[in-house]
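Visitor: One file: run.txt (compact mmCIF, C-alpha atoms).
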```
# COMPACT_ATOMS: atom_id res chain seq x y z
CA MET A 1 6.04 2.76 12.95
CA THR A 2 8.10 1.81 9.90
CA PHE A 3 10.15 -1.34 9.32
CA ASP A 4 13.35 0.53 10.21
CA ALA A 5 11.82 2.45 13.14
CA ILE A 6 13.20 0.07 15.74
CA ASP A 7 16.60 -1.46 15.18
CA SER A 8 15.59 -4.87 16.42
CA LEU A 9 15.26 -8.23 14.72
CA TYR A 10 12.15 -8.97 16.77
CA TRP A 11 10.45 -5.85 15.45
CA GLN A 12 11.39 -6.68 11.84
CA ILE A 13 10.12 -10.23 12.23
CA ALA A 14 6.91 -8.93 13.85
CA PHE A 15 6.54 -6.49 10.95
CA ILE A 16 6.83 -9.31 8.38
CA VAL A 17 4.52 -11.58 10.42
CA ILE A 18 1.76 -8.97 10.87
CA GLY A 19 2.13 -6.91 7.69
CA GLY A 20 2.92 -9.92 5.49
CA TRP A 21 1.84 -13.25 6.85
CA LEU A 22 -1.36 -12.30 8.71
CA ALA A 23 -2.34 -9.79 6.03
CA THR A 24 -2.40 -12.60 3.45
CA ASP A 25 -3.34 -15.74 5.40
CA ILE A 26 -6.50 -14.27 6.96
CA TRP A 27 -7.98 -14.36 3.44
CA ARG A 28 -6.86 -17.93 2.79
CA TRP A 29 -8.30 -19.10 6.14
CA ALA A 30 -11.51 -17.20 5.40
CA GLY A 31 -11.65 -19.07 2.10
CA VAL A 32 -11.45 -22.44 3.89
CA LEU A 33 -13.90 -21.52 6.65
CA LEU A 34 -16.43 -19.46 4.70
CA GLY A 35 -16.00 -21.16 1.33
CA ASN A 36 -17.48 -19.61 -1.74
CA ARG A 37 -19.74 -17.18 0.08
CA LEU A 38 -17.97 -14.20 -1.46
CA SER A 39 -18.69 -14.36 -5.17
CA GLU A 40 -15.92 -13.56 -7.65
CA GLU A 41 -18.26 -11.04 -9.26
CA SER A 42 -19.43 -9.33 -6.07
CA ASP A 43 -18.96 -5.55 -6.07
CA GLY A 44 -16.78 -5.63 -2.97
CA LEU A 45 -14.37 -8.05 -4.51
CA VAL A 46 -14.22 -6.20 -7.84
CA LEU A 47 -13.37 -2.99 -5.94
CA VAL A 48 -10.64 -4.69 -3.92
CA ARG A 49 -9.21 -6.36 -7.01
CA CYS A 50 -9.11 -3.01 -8.83
CA MET A 51 -7.24 -1.44 -5.90
CA ALA A 52 -4.81 -4.36 -5.73
CA THR A 53 -4.12 -4.15 -9.46
CA ALA A 54 -3.54 -0.38 -9.27
CA LEU A 55 -1.21 -0.88 -6.27
CA VAL A 56 0.97 -3.35 -8.14
CA ALA A 57 0.84 -1.21 -11.30
CA ALA A 58 2.03 1.80 -9.29
CA VAL A 59 5.06 -0.14 -8.04
CA ILE A 60 5.82 -1.43 -11.55
CA ALA A 61 5.75 2.15 -12.88
CA GLN A 62 7.97 3.31 -10.02
CA LEU A 63 10.53 0.60 -10.74
CA ILE A 64 10.57 1.51 -14.43
CA VAL A 65 10.56 5.30 -14.10
CA PHE A 66 12.36 5.84 -10.75
CA PRO A 67 14.47 2.73 -10.12
CA SER A 68 17.32 2.44 -7.66
CA GLY A 69 20.61 0.57 -7.60
CA ALA A 70 22.04 -1.29 -10.59
CA LEU A 71 19.07 -0.55 -12.84
CA ALA A 72 19.47 3.20 -12.22
CA ARG A 73 23.24 3.04 -12.78
CA GLU A 74 23.24 0.91 -15.92
CA THR A 75 20.15 2.04 -17.84
CA GLU A 76 18.43 5.23 -19.00
CA THR A 77 14.73 5.91 -18.51
CA TRP A 78 13.98 5.62 -22.23
CA MET A 79 15.67 2.22 -22.36
CA ARG A 80 13.51 0.85 -19.56
CA VAL A 81 10.31 2.33 -20.96
CA ALA A 82 11.13 0.96 -24.43
CA ALA A 83 12.03 -2.49 -23.07
CA ALA A 84 8.84 -2.64 -20.99
CA GLY A 85 6.69 -1.38 -23.88
CA ILE A 86 8.16 -3.76 -26.47
CA GLY A 87 8.08 -6.66 -24.00
CA PHE A 88 4.43 -6.03 -23.20
CA ALA A 89 3.57 -5.69 -26.90
CA ALA A 90 5.28 -9.05 -27.54
CA TYR A 91 3.22 -10.58 -24.72
CA PHE A 92 0.02 -9.00 -26.01
CA PHE A 93 0.41 -9.98 -29.67
CA GLY A 94 2.46 -13.15 -29.11
CA GLY A 95 -0.31 -15.34 -27.73
CA ARG A 96 -0.49 -13.74 -24.25
CA LYS A 97 2.40 -15.84 -22.94
CA VAL A 98 4.24 -14.32 -19.97
CA VAL A 99 7.44 -16.12 -21.04
CA VAL A 100 7.39 -14.28 -24.37
CA GLY A 101 6.89 -10.84 -22.78
CA VAL A 102 9.60 -11.37 -20.16
CA GLY A 103 12.06 -12.80 -22.71
CA VAL A 104 11.58 -10.02 -25.25
CA GLY A 105 11.59 -7.26 -22.59
CA LEU A 106 14.86 -8.50 -21.09
CA ALA A 107 16.42 -8.98 -24.53
CA VAL A 108 15.58 -5.40 -25.53
CA LEU A 109 17.03 -4.04 -22.29
CA ALA A 110 20.18 -6.17 -22.62
CA PHE A 111 20.59 -5.08 -26.25
CA ALA A 112 20.21 -1.42 -25.26
CA MET A 113 22.80 -1.81 -22.47
CA ILE A 114 25.29 -3.44 -24.84
CA VAL A 115 24.79 -0.87 -27.61
CA ILE A 116 25.10 2.11 -25.24
CA SER A 117 28.23 0.93 -23.41
CA MET B 1 -13.82 -49.80 -9.32
CA ALA B 2 -11.03 -52.33 -9.44
CA GLU B 3 -8.57 -49.49 -9.82
CA ASN B 4 -10.03 -47.81 -6.75
CA GLU B 5 -9.53 -50.90 -4.61
CA VAL B 6 -5.92 -51.16 -5.65
CA GLU B 7 -5.32 -47.54 -4.65
CA GLN B 8 -7.02 -47.92 -1.30
CA GLY B 9 -4.96 -51.05 -0.68
CA GLU B 10 -1.83 -49.00 -1.23
CA GLY B 11 -2.63 -46.75 1.77
CA GLN B 12 0.40 -44.67 2.76
CA ALA B 13 2.24 -45.72 -0.38
CA GLY B 14 -0.58 -44.20 -2.43
CA GLY B 15 -0.15 -40.93 -0.58
CA ALA B 16 3.58 -40.88 -1.26
CA HIS B 17 2.95 -41.74 -4.90
CA TRP B 18 0.56 -38.83 -5.38
CA PHE B 19 2.77 -36.45 -3.38
CA PHE B 20 5.53 -37.26 -5.87
CA GLN B 21 3.15 -36.86 -8.81
CA GLY B 22 2.38 -33.38 -7.47
CA GLN B 23 6.09 -32.60 -7.21
CA ARG B 24 6.54 -33.45 -10.87
CA LEU B 25 4.42 -30.39 -11.71
CA LEU B 26 7.41 -28.27 -10.65
CA LEU B 27 8.68 -28.84 -14.19
CA THR B 28 5.60 -27.34 -15.90
CA ILE B 29 5.90 -24.00 -17.72
CA PRO B 30 3.83 -21.95 -15.22
CA ALA B 31 5.95 -23.24 -12.32
CA LEU B 32 9.21 -22.52 -14.15
CA VAL B 33 8.04 -19.02 -15.08
CA LEU B 34 7.20 -18.41 -11.42
CA MET B 35 10.69 -19.54 -10.39
CA THR B 36 12.14 -17.01 -12.84
CA ALA B 37 9.93 -14.35 -11.29
CA PHE B 38 11.43 -15.23 -7.90
CA VAL B 39 14.91 -14.65 -9.28
CA GLY B 40 13.72 -11.13 -10.09
CA PHE B 41 11.97 -10.73 -6.75
CA ALA B 42 15.17 -11.64 -4.91
CA GLY B 43 17.03 -9.04 -6.95
CA PHE B 44 14.44 -6.44 -5.99
CA ALA B 45 14.46 -7.29 -2.27
CA ARG B 46 18.27 -7.29 -2.23
CA GLU B 47 18.31 -3.85 -3.82
CA VAL B 48 15.88 -2.61 -1.14
CA GLY B 49 18.34 -3.85 1.45
CA LEU B 50 16.55 -6.78 3.04
CA PRO B 51 18.96 -9.49 4.24
CA ALA B 52 18.69 -12.93 2.62
CA TRP B 53 17.03 -14.65 5.56
CA GLN B 54 14.30 -12.00 5.78
CA THR B 55 13.53 -12.31 2.07
CA MET B 56 13.42 -16.10 2.39
CA LEU B 57 11.19 -15.80 5.48
CA THR B 58 8.91 -13.44 3.57
CA THR B 59 8.80 -15.86 0.65
CA PHE B 60 7.71 -18.65 2.94
CA LEU B 61 5.27 -16.66 5.10
CA VAL B 62 3.52 -14.55 2.45
CA TRP B 63 4.06 -16.71 -0.63
CA ALA B 64 1.71 -14.86 -3.04
CA LEU B 65 4.09 -12.86 -5.24
CA PRO B 66 2.06 -9.62 -5.67
CA SER B 67 1.53 -9.42 -1.88
CA LYS B 68 5.20 -10.02 -1.19
CA PHE B 69 6.21 -7.53 -3.83
CA LEU B 70 3.98 -4.91 -2.20
CA LEU B 71 5.31 -5.78 1.26
CA VAL B 72 8.88 -5.13 0.13
CA ALA B 73 7.82 -1.96 -1.72
CA ALA B 74 6.05 -0.77 1.46
CA ILE B 75 9.19 -1.42 3.51
CA GLN B 76 11.23 0.49 0.92
CA SER B 77 8.81 3.44 0.98
CA GLY B 78 8.94 3.54 4.78
CA PHE B 79 5.26 2.69 5.31
CA GLY B 80 4.04 2.29 8.88
CA LEU B 81 2.81 -1.13 9.94
CA PHE B 82 -0.85 -0.20 9.46
CA ALA B 83 -0.35 1.16 5.93
CA THR B 84 1.74 -1.91 5.10
CA PHE B 85 -0.94 -4.25 6.40
CA LEU B 86 -3.59 -2.38 4.39
CA THR B 87 -1.53 -2.48 1.18
CA VAL B 88 -0.70 -6.16 1.48
CA THR B 89 -4.15 -7.26 2.60
CA LEU B 90 -5.83 -5.44 -0.31
CA SER B 91 -3.72 -7.50 -2.69
CA ALA B 92 -4.49 -10.74 -0.83
CA ALA B 93 -8.29 -10.53 -0.67
CA ARG B 94 -8.57 -12.26 -4.01
CA LEU B 95 -7.13 -15.38 -2.38
CA MET B 96 -10.37 -15.94 -0.46
CA PRO B 97 -12.62 -16.88 -3.40
CA MET B 98 -9.69 -18.77 -4.95
CA VAL B 99 -9.32 -20.91 -1.84
CA GLY B 100 -13.11 -21.15 -1.64
CA ALA B 101 -13.18 -22.65 -5.13
CA LEU B 102 -10.21 -24.96 -4.49
CA VAL B 103 -11.45 -26.50 -1.23
CA PRO B 104 -14.35 -28.51 -2.73
CA GLU B 105 -11.86 -29.94 -5.28
CA LEU B 106 -9.31 -30.70 -2.58
CA ARG B 107 -11.49 -32.16 0.16
CA GLY B 108 -11.51 -35.95 0.38
CA PRO B 109 -13.77 -38.18 2.48
CA ASP B 110 -11.52 -37.96 5.58
CA THR B 111 -9.97 -34.53 5.09
CA LYS B 112 -9.84 -32.48 8.28
CA THR B 113 -10.46 -28.74 8.30
CA ARG B 114 -7.11 -28.12 9.97
CA THR B 115 -5.38 -29.91 7.09
CA LEU B 116 -7.15 -27.56 4.68
CA LEU B 117 -6.23 -24.52 6.79
CA PHE B 118 -2.59 -25.60 6.68
CA LEU B 119 -2.62 -26.36 2.95
CA SER B 120 -4.45 -23.12 2.12
CA HIS B 121 -1.29 -21.23 3.05
CA PHE B 122 0.35 -22.56 -0.10
CA VAL B 123 -2.35 -21.21 -2.40
CA ALA B 124 -1.15 -18.43 -4.68
CA ILE B 125 -2.04 -17.72 -8.28
CA THR B 126 0.30 -20.19 -10.00
CA ALA B 127 -0.31 -23.04 -7.56
CA TRP B 128 -4.03 -22.43 -7.85
CA VAL B 129 -4.21 -22.36 -11.65
CA VAL B 130 -2.12 -25.51 -12.05
CA SER B 131 -3.94 -27.40 -9.26
CA MET B 132 -7.40 -26.52 -10.53
CA GLU B 133 -6.36 -27.95 -13.91
CA ARG B 134 -4.90 -31.20 -12.58
CA LEU B 135 -6.83 -32.15 -9.43
CA GLY B 136 -9.63 -33.72 -11.48
CA ASP B 137 -7.24 -36.49 -12.58
CA VAL B 138 -6.31 -37.42 -9.00
CA PRO B 139 -8.33 -39.91 -6.89
CA ARG B 140 -10.21 -37.89 -4.30
CA GLN B 141 -8.58 -39.43 -1.22
CA TYR B 142 -5.13 -38.45 -2.51
CA ARG B 143 -5.83 -34.90 -3.66
CA THR B 144 -4.43 -33.26 -0.52
CA TYR B 145 -1.20 -35.26 -0.98
CA PHE B 146 -1.01 -34.22 -4.62
CA PHE B 147 -1.58 -30.54 -3.81
CA ALA B 148 0.89 -30.66 -0.92
CA GLY B 149 3.49 -32.28 -3.16
CA PHE B 150 3.17 -29.52 -5.71
CA ALA B 151 2.42 -26.37 -3.73
CA ILE B 152 4.66 -26.93 -0.68
CA SER B 153 7.56 -28.02 -2.89
CA LEU B 154 7.06 -24.98 -5.12
CA THR B 155 7.21 -22.68 -2.08
CA ILE B 156 10.37 -24.33 -0.77
CA VAL B 157 12.08 -24.32 -4.18
CA CYS B 158 11.27 -20.62 -4.65
CA ALA B 159 12.60 -19.78 -1.18
CA LEU B 160 15.82 -21.66 -2.04
CA ILE B 161 16.07 -19.79 -5.35
CA VAL B 162 15.84 -16.53 -3.40
CA GLY B 163 18.72 -17.71 -1.21
CA LEU B 164 20.81 -18.69 -4.25
CA VAL B 165 20.32 -15.28 -5.88
CA TYR B 166 21.57 -13.60 -2.69
CA ALA B 167 24.54 -15.95 -2.58
CA PHE B 168 25.61 -15.20 -6.14
CA ALA B 169 24.45 -11.60 -6.62
CA ALA B 170 27.59 -10.03 -5.14
CA SER B 171 29.76 -11.69 -7.80
CA LEU B 172 27.55 -10.64 -10.73
CA PRO B 173 28.39 -7.62 -12.91
CA ASP B 174 26.13 -4.57 -12.65
CA THR B 175 24.59 -5.12 -16.09
CA VAL B 176 23.39 -8.60 -15.11
CA LEU B 177 22.01 -7.25 -11.82
CA ALA B 178 20.17 -4.55 -13.77
CA ALA B 179 18.57 -7.18 -16.01
CA LEU B 180 17.70 -9.26 -12.94
CA PHE B 181 16.08 -6.27 -11.29
CA PHE B 182 14.10 -5.56 -14.47
CA LEU B 183 12.58 -9.07 -14.39
CA THR B 184 10.07 -8.06 -11.71
CA PRO B 185 8.37 -5.11 -13.47
CA ILE B 186 8.28 -6.88 -16.85
CA TYR B 187 6.92 -10.07 -15.29
CA PHE B 188 4.13 -8.22 -13.50
CA LEU B 189 3.40 -6.05 -16.53
CA CYS B 190 2.47 -9.23 -18.44
CA SER B 191 0.96 -11.38 -15.69
CA LEU B 192 -1.16 -8.56 -14.25
CA TRP B 193 -2.83 -8.02 -17.61
CA GLY B 194 -3.54 -11.73 -17.97
CA SER B 195 -4.90 -12.18 -14.46
CA ALA B 196 -7.42 -9.31 -14.66
CA ARG B 197 -10.90 -10.83 -14.62
CA GLU B 198 -12.83 -7.87 -15.94
CA ARG B 199 -12.27 -4.76 -18.04
CA ALA B 200 -12.04 -2.69 -14.86
CA GLY B 201 -8.85 -4.58 -13.98
CA HIS B 202 -7.23 -3.37 -17.19
CA VAL B 203 -8.42 0.19 -16.48
CA ALA B 204 -6.89 -0.07 -13.00
CA MET B 205 -3.62 -1.36 -14.41
CA VAL B 206 -3.20 1.32 -17.08
CA GLY B 207 -4.35 4.04 -14.62
CA GLY B 208 -1.88 2.82 -12.00
CA LEU B 209 0.98 2.75 -14.51
CA LEU B 210 0.27 6.30 -15.73
CA LEU B 211 -0.68 7.96 -12.45
CA GLY B 212 1.73 6.08 -10.17
CA PRO B 213 4.74 8.21 -11.20
CA VAL B 214 2.62 11.38 -11.02
CA PHE B 215 1.55 10.65 -7.42
CA TYR B 216 5.17 9.73 -6.67
CA LEU B 217 6.27 13.25 -7.63
CA ILE B 218 3.51 14.80 -5.48
CA ALA B 219 3.73 12.52 -2.43
CA PRO B 220 6.68 10.13 -2.70
CA ASP B 221 6.16 8.49 0.69
CA TYR B 222 2.68 7.06 0.28
CA SER B 223 2.27 7.29 -3.49
CA ILE B 224 1.76 3.53 -3.94
CA LEU B 225 -1.11 3.39 -1.48
CA ILE B 226 -2.68 6.62 -2.76
CA THR B 227 -2.48 5.38 -6.36
CA GLY B 228 -4.00 2.04 -5.39
CA LEU B 229 -6.93 3.57 -3.53
CA VAL B 230 -7.67 6.43 -5.96
CA VAL B 231 -7.12 4.60 -9.26
CA GLY B 232 -8.73 1.40 -7.92
CA ALA B 233 -11.85 3.31 -6.86
CA GLY B 234 -11.92 5.09 -10.24
CA ALA B 235 -11.68 1.81 -12.15
CA PHE B 236 -14.45 0.39 -9.98
CA MET B 237 -16.69 3.34 -10.89
CA VAL B 238 -16.03 2.61 -14.56
CA HIS B 239 -17.08 -0.98 -13.84
CA ARG B 240 -20.32 0.16 -12.16
CA LEU B 241 -21.16 2.58 -14.98
CA ARG B 242 -20.63 -0.11 -17.60
CA ALA B 243 -22.82 -2.54 -15.66
CA ARG B 244 -25.56 0.10 -15.41
CA ASN B 245 -25.38 0.91 -19.12
CA GLN B 246 -25.67 -2.77 -19.98
CA ALA B 247 -28.64 -3.30 -17.66
```
Output the structure of this file as structure tokens.

Guide:
Amino acid sequence: MTFDAIDSLYWQIAFIVIGGWLATDIWRWAGVLLGNRLSEESDGLVLVRCMATALVAAVIAQLIVFPSGALARETETWMRVAAAGIGFAAYFFGGRKVVVGVGVGLAVLAFAMIVIS
Amino acid sequence: MAENEVEQGEGQAGGAHWFFQGQRLLLTIPALVLMTAFVGFAGFAREVGLPAWQTMLTTFLVWALPSKFLLVAAIQSGFGLFATFLTVTLSAARLMPMVGALVPELRGPDTKTRTLLFLSHFVAITAWVVSMERLGDVPRQYRTYFFAGFAISLTIVCALIVGLVYAFAASLPDTVLAALFFLTPIYFLCSLWGSARERAGHVAMVGGLLLGPVFYLIAPDYSILITGLVVGAGAFMVHRLRARNQA
């Protein structure tokens, strides 16, 4: 049953509550009630963290390679890949500051859009 | 000691004072960077077609940005409720040890468990990092006020930012919208690398970036989940092998 399966506000709210709110808060509540019993270094948690990282990475790649909407209309694939690559390099070599990576990445994309149009 | 007596004498006023001190952290760099990330997130959710109130509701109910990002991506990909729950919950499991580490810092002499359960909702990576740094400077009986002042305010401000982006997006030119939309991937590209705790996290990130589009071409509907499970398990095996070689 997808988000759009039933054209009802109640269903969409239920979808957000179960698939979003409960899916995240059960872990926060477990943290309060069970405390530090699950070690940061435990194998289970490393596995779950790896999966979570790969999940987010997959969506990042999808947004860069197969975007929709304004990004697809206004930019070419090479522009997005270059902006992401240069932005990440700036983050990596510029003191690992997220601000630097985001700023440089956006500047490169904006520059490419201006030059192309 | 004398200082302590003064603070206890202040009672409710002390709570309000420390709540406000927590709110002042909204102007720190990590908090401001997070607000920028929410500008991008709103652009992404708008592009997916979620109405403003649903994106604001999601911001308030889920709060942790990677989980919310995956929830919206799952809605966009047409995931069923179970697959959505699985995707989101996998990204949220890391909150448990984070909350577990925060609670001993947060708990005061009279703190009730239900207060902690309520406050735990506002734990996400940024709120956690900043609070763990600052809570040591706050008198123990006021730490929940301080955390509430910061974390709850941060959630509300970010939800309002989401609303503002929706309000103004329609009047923005396409090029600005494109840049706004690009904020999300570039933000996560940097923050994901920084938040990885072990080498395996970097393996998972690079693997997900490279194989995500490949799986998308093979199975567009569930490619995110497949990439997460397959690449995540692969990165974990690398982690195990390294641990064995070092032992």

Visitor: Excluding same-chain residues fewer than 2 positions from B:Ile156, what lies within 12 Å of it counting all atoms listed in the file, as a list of chain:residue names?

Guide: B:Gln23, B:Leu26, B:Met35, B:Phe38, B:Met56, B:Leu57, B:Thr58, B:Thr59, B:Phe60, B:Leu61, B:Trp63, B:Phe122, B:Ala148, B:Gly149, B:Phe150, B:Ala151, B:Ile152, B:Ser153, B:Leu154, B:Cys158, B:Ala159, B:Leu160, B:Ile161, B:Val162, B:Gly163

Visitor: Skipping near chain neighbours, those fewer than 3 positions away, what residues fall within 6 Å of stretch 183-197 of chain B using all atoms listed in the file, listed as a JSON list (two decimals) with C-alpha atoms, in the coordinates of the input?

Guide:
```json
[["chain", "number", "residue", "atom", "x", "y", "z"],
["A", 60, "ILE", "CA", 5.82, -1.43, -11.55],
["A", 84, "ALA", "CA", 8.84, -2.64, -20.99],
["A", 98, "VAL", "CA", 4.24, -14.32, -19.97],
["A", 102, "VAL", "CA", 9.60, -11.37, -20.16],
["B", 40, "GLY", "CA", 13.72, -11.13, -10.09],
["B", 41, "PHE", "CA", 11.97, -10.73, -6.75],
["B", 180, "LEU", "CA", 17.70, -9.26, -12.94],
["B", 201, "GLY", "CA", -8.85, -4.58, -13.98]]
```

Visitor: When you draw a straight line from atom CA of B:Thr55 to atom CA of B:Gly43, how long is it in Å?

Guide: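 Distance between the two atoms: 10.2 Å.
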
Visitor: Pull the neighbourhood of (-13.8, -10.2, -4.1) for me: all residues within 12 Å in file coordinates, counting all atoms listed in the file, as a VMD selection string.

Guide: (chain A and resid 27 31 36 to 52) or (chain B and resid 90 to 100 197)

Visitor: My list of candidates is B:Leu27, B:Leu225, B:Leu241, B:Leu50. Which is closest to chain A when distances are computed with all atoms listed in the file?

Guide: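 Using all atoms listed in the file, the shortest distance to chain A belongs to B:Leu225.
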
Visitor: Quote the spacing between atom CA of B:Leu164 and atom CA of B:Ala52 in Å to one decimal place.

Guide: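 These atoms are spaced 9.2 Å apart.
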
Visitor: Which residue, B:Val33, B:Leu81, B:Ala169, B:Ala64, has the smallest gap to A:Ile6 when you use only C-alpha atoms?

Guide: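 Of all the options, B:Leu81 lies closest to A:Ile6.
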
Visitor: Between A:Val100, A:Leu22, A:Ala89, A:Ala70, which is the closest to chain B once you count only C-alpha atoms?

Guide: A:Ala70

Visitor: Report, in Å to a single decimal, how far apart atom CA of A:Thr2 and atom CA of B:Ser77 are.

Guide: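 That distance, rounded to one decimal, is 9.1 Å.
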
Visitor: Every residue with an atom at most 10 Å from (14.0, -8.9, -24.4) (file coordinates; all atoms listed in the file) is what I'm after, so could you write them as a PDB file with C-alpha atoms, in the frame of the given file?

Guide:
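Saved file selection-v5.pdb follows:
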```pdb
ATOM      1  CA  ALA A  83      12.030  -2.490 -23.070  1.00  0.00           C
ATOM      2  CA  ALA A  84       8.840  -2.640 -20.990  1.00  0.00           C
ATOM      3  CA  ILE A  86       8.160  -3.760 -26.470  1.00  0.00           C
ATOM      4  CA  GLY A  87       8.080  -6.660 -24.000  1.00  0.00           C
ATOM      5  CA  ALA A  90       5.280  -9.050 -27.540  1.00  0.00           C
ATOM      6  CA  VAL A 100       7.390 -14.280 -24.370  1.00  0.00           C
ATOM      7  CA  GLY A 101       6.890 -10.840 -22.780  1.00  0.00           C
ATOM      8  CA  VAL A 102       9.600 -11.370 -20.160  1.00  0.00           C
ATOM      9  CA  GLY A 103      12.060 -12.800 -22.710  1.00  0.00           C
ATOM     10  CA  VAL A 104      11.580 -10.020 -25.250  1.00  0.00           C
ATOM     11  CA  GLY A 105      11.590  -7.260 -22.590  1.00  0.00           C
ATOM     12  CA  LEU A 106      14.860  -8.500 -21.090  1.00  0.00           C
ATOM     13  CA  ALA A 107      16.420  -8.980 -24.530  1.00  0.00           C
ATOM     14  CA  VAL A 108      15.580  -5.400 -25.530  1.00  0.00           C
ATOM     15  CA  LEU A 109      17.030  -4.040 -22.290  1.00  0.00           C
ATOM     16  CA  ALA A 110      20.180  -6.170 -22.620  1.00  0.00           C
ATOM     17  CA  PHE A 111      20.590  -5.080 -26.250  1.00  0.00           C
ATOM     18  CA  ALA A 112      20.210  -1.420 -25.260  1.00  0.00           C
TER      19      ALA A 112
ATOM     20  CA  ALA B 179      18.570  -7.180 -16.010  1.00  0.00           C
ATOM     21  CA  ILE B 186       8.280  -6.880 -16.850  1.00  0.00           C
TER      22      ILE B 186
END
```

Visitor: Using only C-alpha atoms, which of B:Thr113, B:Ser120, B:Gln54, B:Gln21 sits nearest A:Thr24?

Guide: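 Closest candidate: B:Ser120.
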
Visitor: Could you give me, as an NGL selection string, the residues within 7 Å of B:Ala235, counting all atoms listed in the file and dropping anything in the same chain fewer than 6 positions from it?

Guide: (:A and (50)) or (:B and (200 or 203-204))

Visitor: Which is closest to chain A among B:Pro173, B:Gly80, B:Gly22, B:Pro139, if we use all atoms listed in the file?

Guide: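 Answer, going by the shortest atom-to-atom distance: B:Gly80.
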
Visitor: Need the shell around B:Phe82: protein/DNA/RNA residues with any atom at most 12 Å away, counting all atoms listed in the file. Skip same-chain ones fewer than 6 positions apart. Format as a PyMOL selection string?

Guide: (chain A and resi 1-3+15-16+18-20+23) or (chain B and resi 71+74-75+88-89+225)

Visitor: Would you write out those residues with C-alpha atoms, as a CSV table (one decimal), in the coordinates of the input?

Guide:
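The result, written out as part_18.csv:
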```csv
chain,number,residue,atom,x,y,z
A,1,MET,CA,6.0,2.8,13.0
A,2,THR,CA,8.1,1.8,9.9
A,3,PHE,CA,10.2,-1.3,9.3
A,15,PHE,CA,6.5,-6.5,11.0
A,16,ILE,CA,6.8,-9.3,8.4
A,18,ILE,CA,1.8,-9.0,10.9
A,19,GLY,CA,2.1,-6.9,7.7
A,20,GLY,CA,2.9,-9.9,5.5
A,23,ALA,CA,-2.3,-9.8,6.0
B,71,LEU,CA,5.3,-5.8,1.3
B,74,ALA,CA,6.0,-0.8,1.5
B,75,ILE,CA,9.2,-1.4,3.5
B,88,VAL,CA,-0.7,-6.2,1.5
B,89,THR,CA,-4.2,-7.3,2.6
B,225,LEU,CA,-1.1,3.4,-1.5
```

Visitor: Which polymer residues have any atom within 8 Å of an atom of stretch 71-74 of chain A, counting all atoms listed in the file, with same-chain residues fewer than 5 positions away left out, as an mmCIF file with C-alpha atoms, keeping the file's coordinate frame?

Guide:
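The resulting selection-v3.cif:
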```
data_model
loop_
_atom_site.group_PDB
_atom_site.id
_atom_site.type_symbol
_atom_site.label_atom_id
_atom_site.label_comp_id
_atom_site.auth_asym_id
_atom_site.auth_seq_id
_atom_site.Cartn_x
_atom_site.Cartn_y
_atom_site.Cartn_z
ATOM 1 C CA PHE A 66 12.360 5.840 -10.750
ATOM 2 C CA MET A 113 22.800 -1.810 -22.470
ATOM 3 C CA ASP B 174 26.130 -4.570 -12.650
ATOM 4 C CA THR B 175 24.590 -5.120 -16.090
ATOM 5 C CA LEU B 177 22.010 -7.250 -11.820
ATOM 6 C CA ALA B 178 20.170 -4.550 -13.770
ATOM 7 C CA ALA B 179 18.570 -7.180 -16.010
ATOM 8 C CA PHE B 181 16.080 -6.270 -11.290
ATOM 9 C CA PHE B 182 14.100 -5.560 -14.470
#
```

Visitor: Enclose stretch 45-56 of chain B, meaning all of its atoms listed in the file, in a box aligned along x, y and z, pad it by 4 Å on each side, and list the centre and edge lengths in Å to one decimal, as lines of an AutoDock Vina configuration file.

Guide:
```
center_x = 16.2
center_y = -9.4
center_z = 1.0
size_x = 13.5
size_y = 21.5
size_z = 17.6
```

Visitor: Find, counting all atoms listed in the file, the residue in A:Phe93, A:Glu76, A:Ser117, A:Asp25 that gets nearest to chain B.

Guide: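 Using all atoms listed in the file, the shortest distance to chain B belongs to A:Asp25.
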
Visitor: How would stretch 89-101 of chain B of the given structure read as a file with C-alpha atoms, as a compact mmCIF listing (two decimals), in the first residue's frame?

Guide:
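Output file selection-v3.txt follows:
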```txt
# COMPACT_ATOMS: atom_id res chain seq x y z
CA THR B 89 13.74 2.71 10.75
CA LEU B 90 17.10 1.47 9.45
CA SER B 91 18.26 5.08 9.29
CA ALA B 92 16.91 5.84 12.77
CA ALA B 93 18.48 2.97 14.73
CA ARG B 94 21.58 5.05 15.36
CA LEU B 95 19.43 7.38 17.48
CA MET B 96 19.18 4.74 20.21
CA PRO B 97 22.81 4.80 21.40
CA MET B 98 22.85 8.57 20.88
CA VAL B 99 19.89 9.01 23.20
CA GLY B 100 21.42 6.42 25.53
CA ALA B 101 24.55 8.56 25.81
```
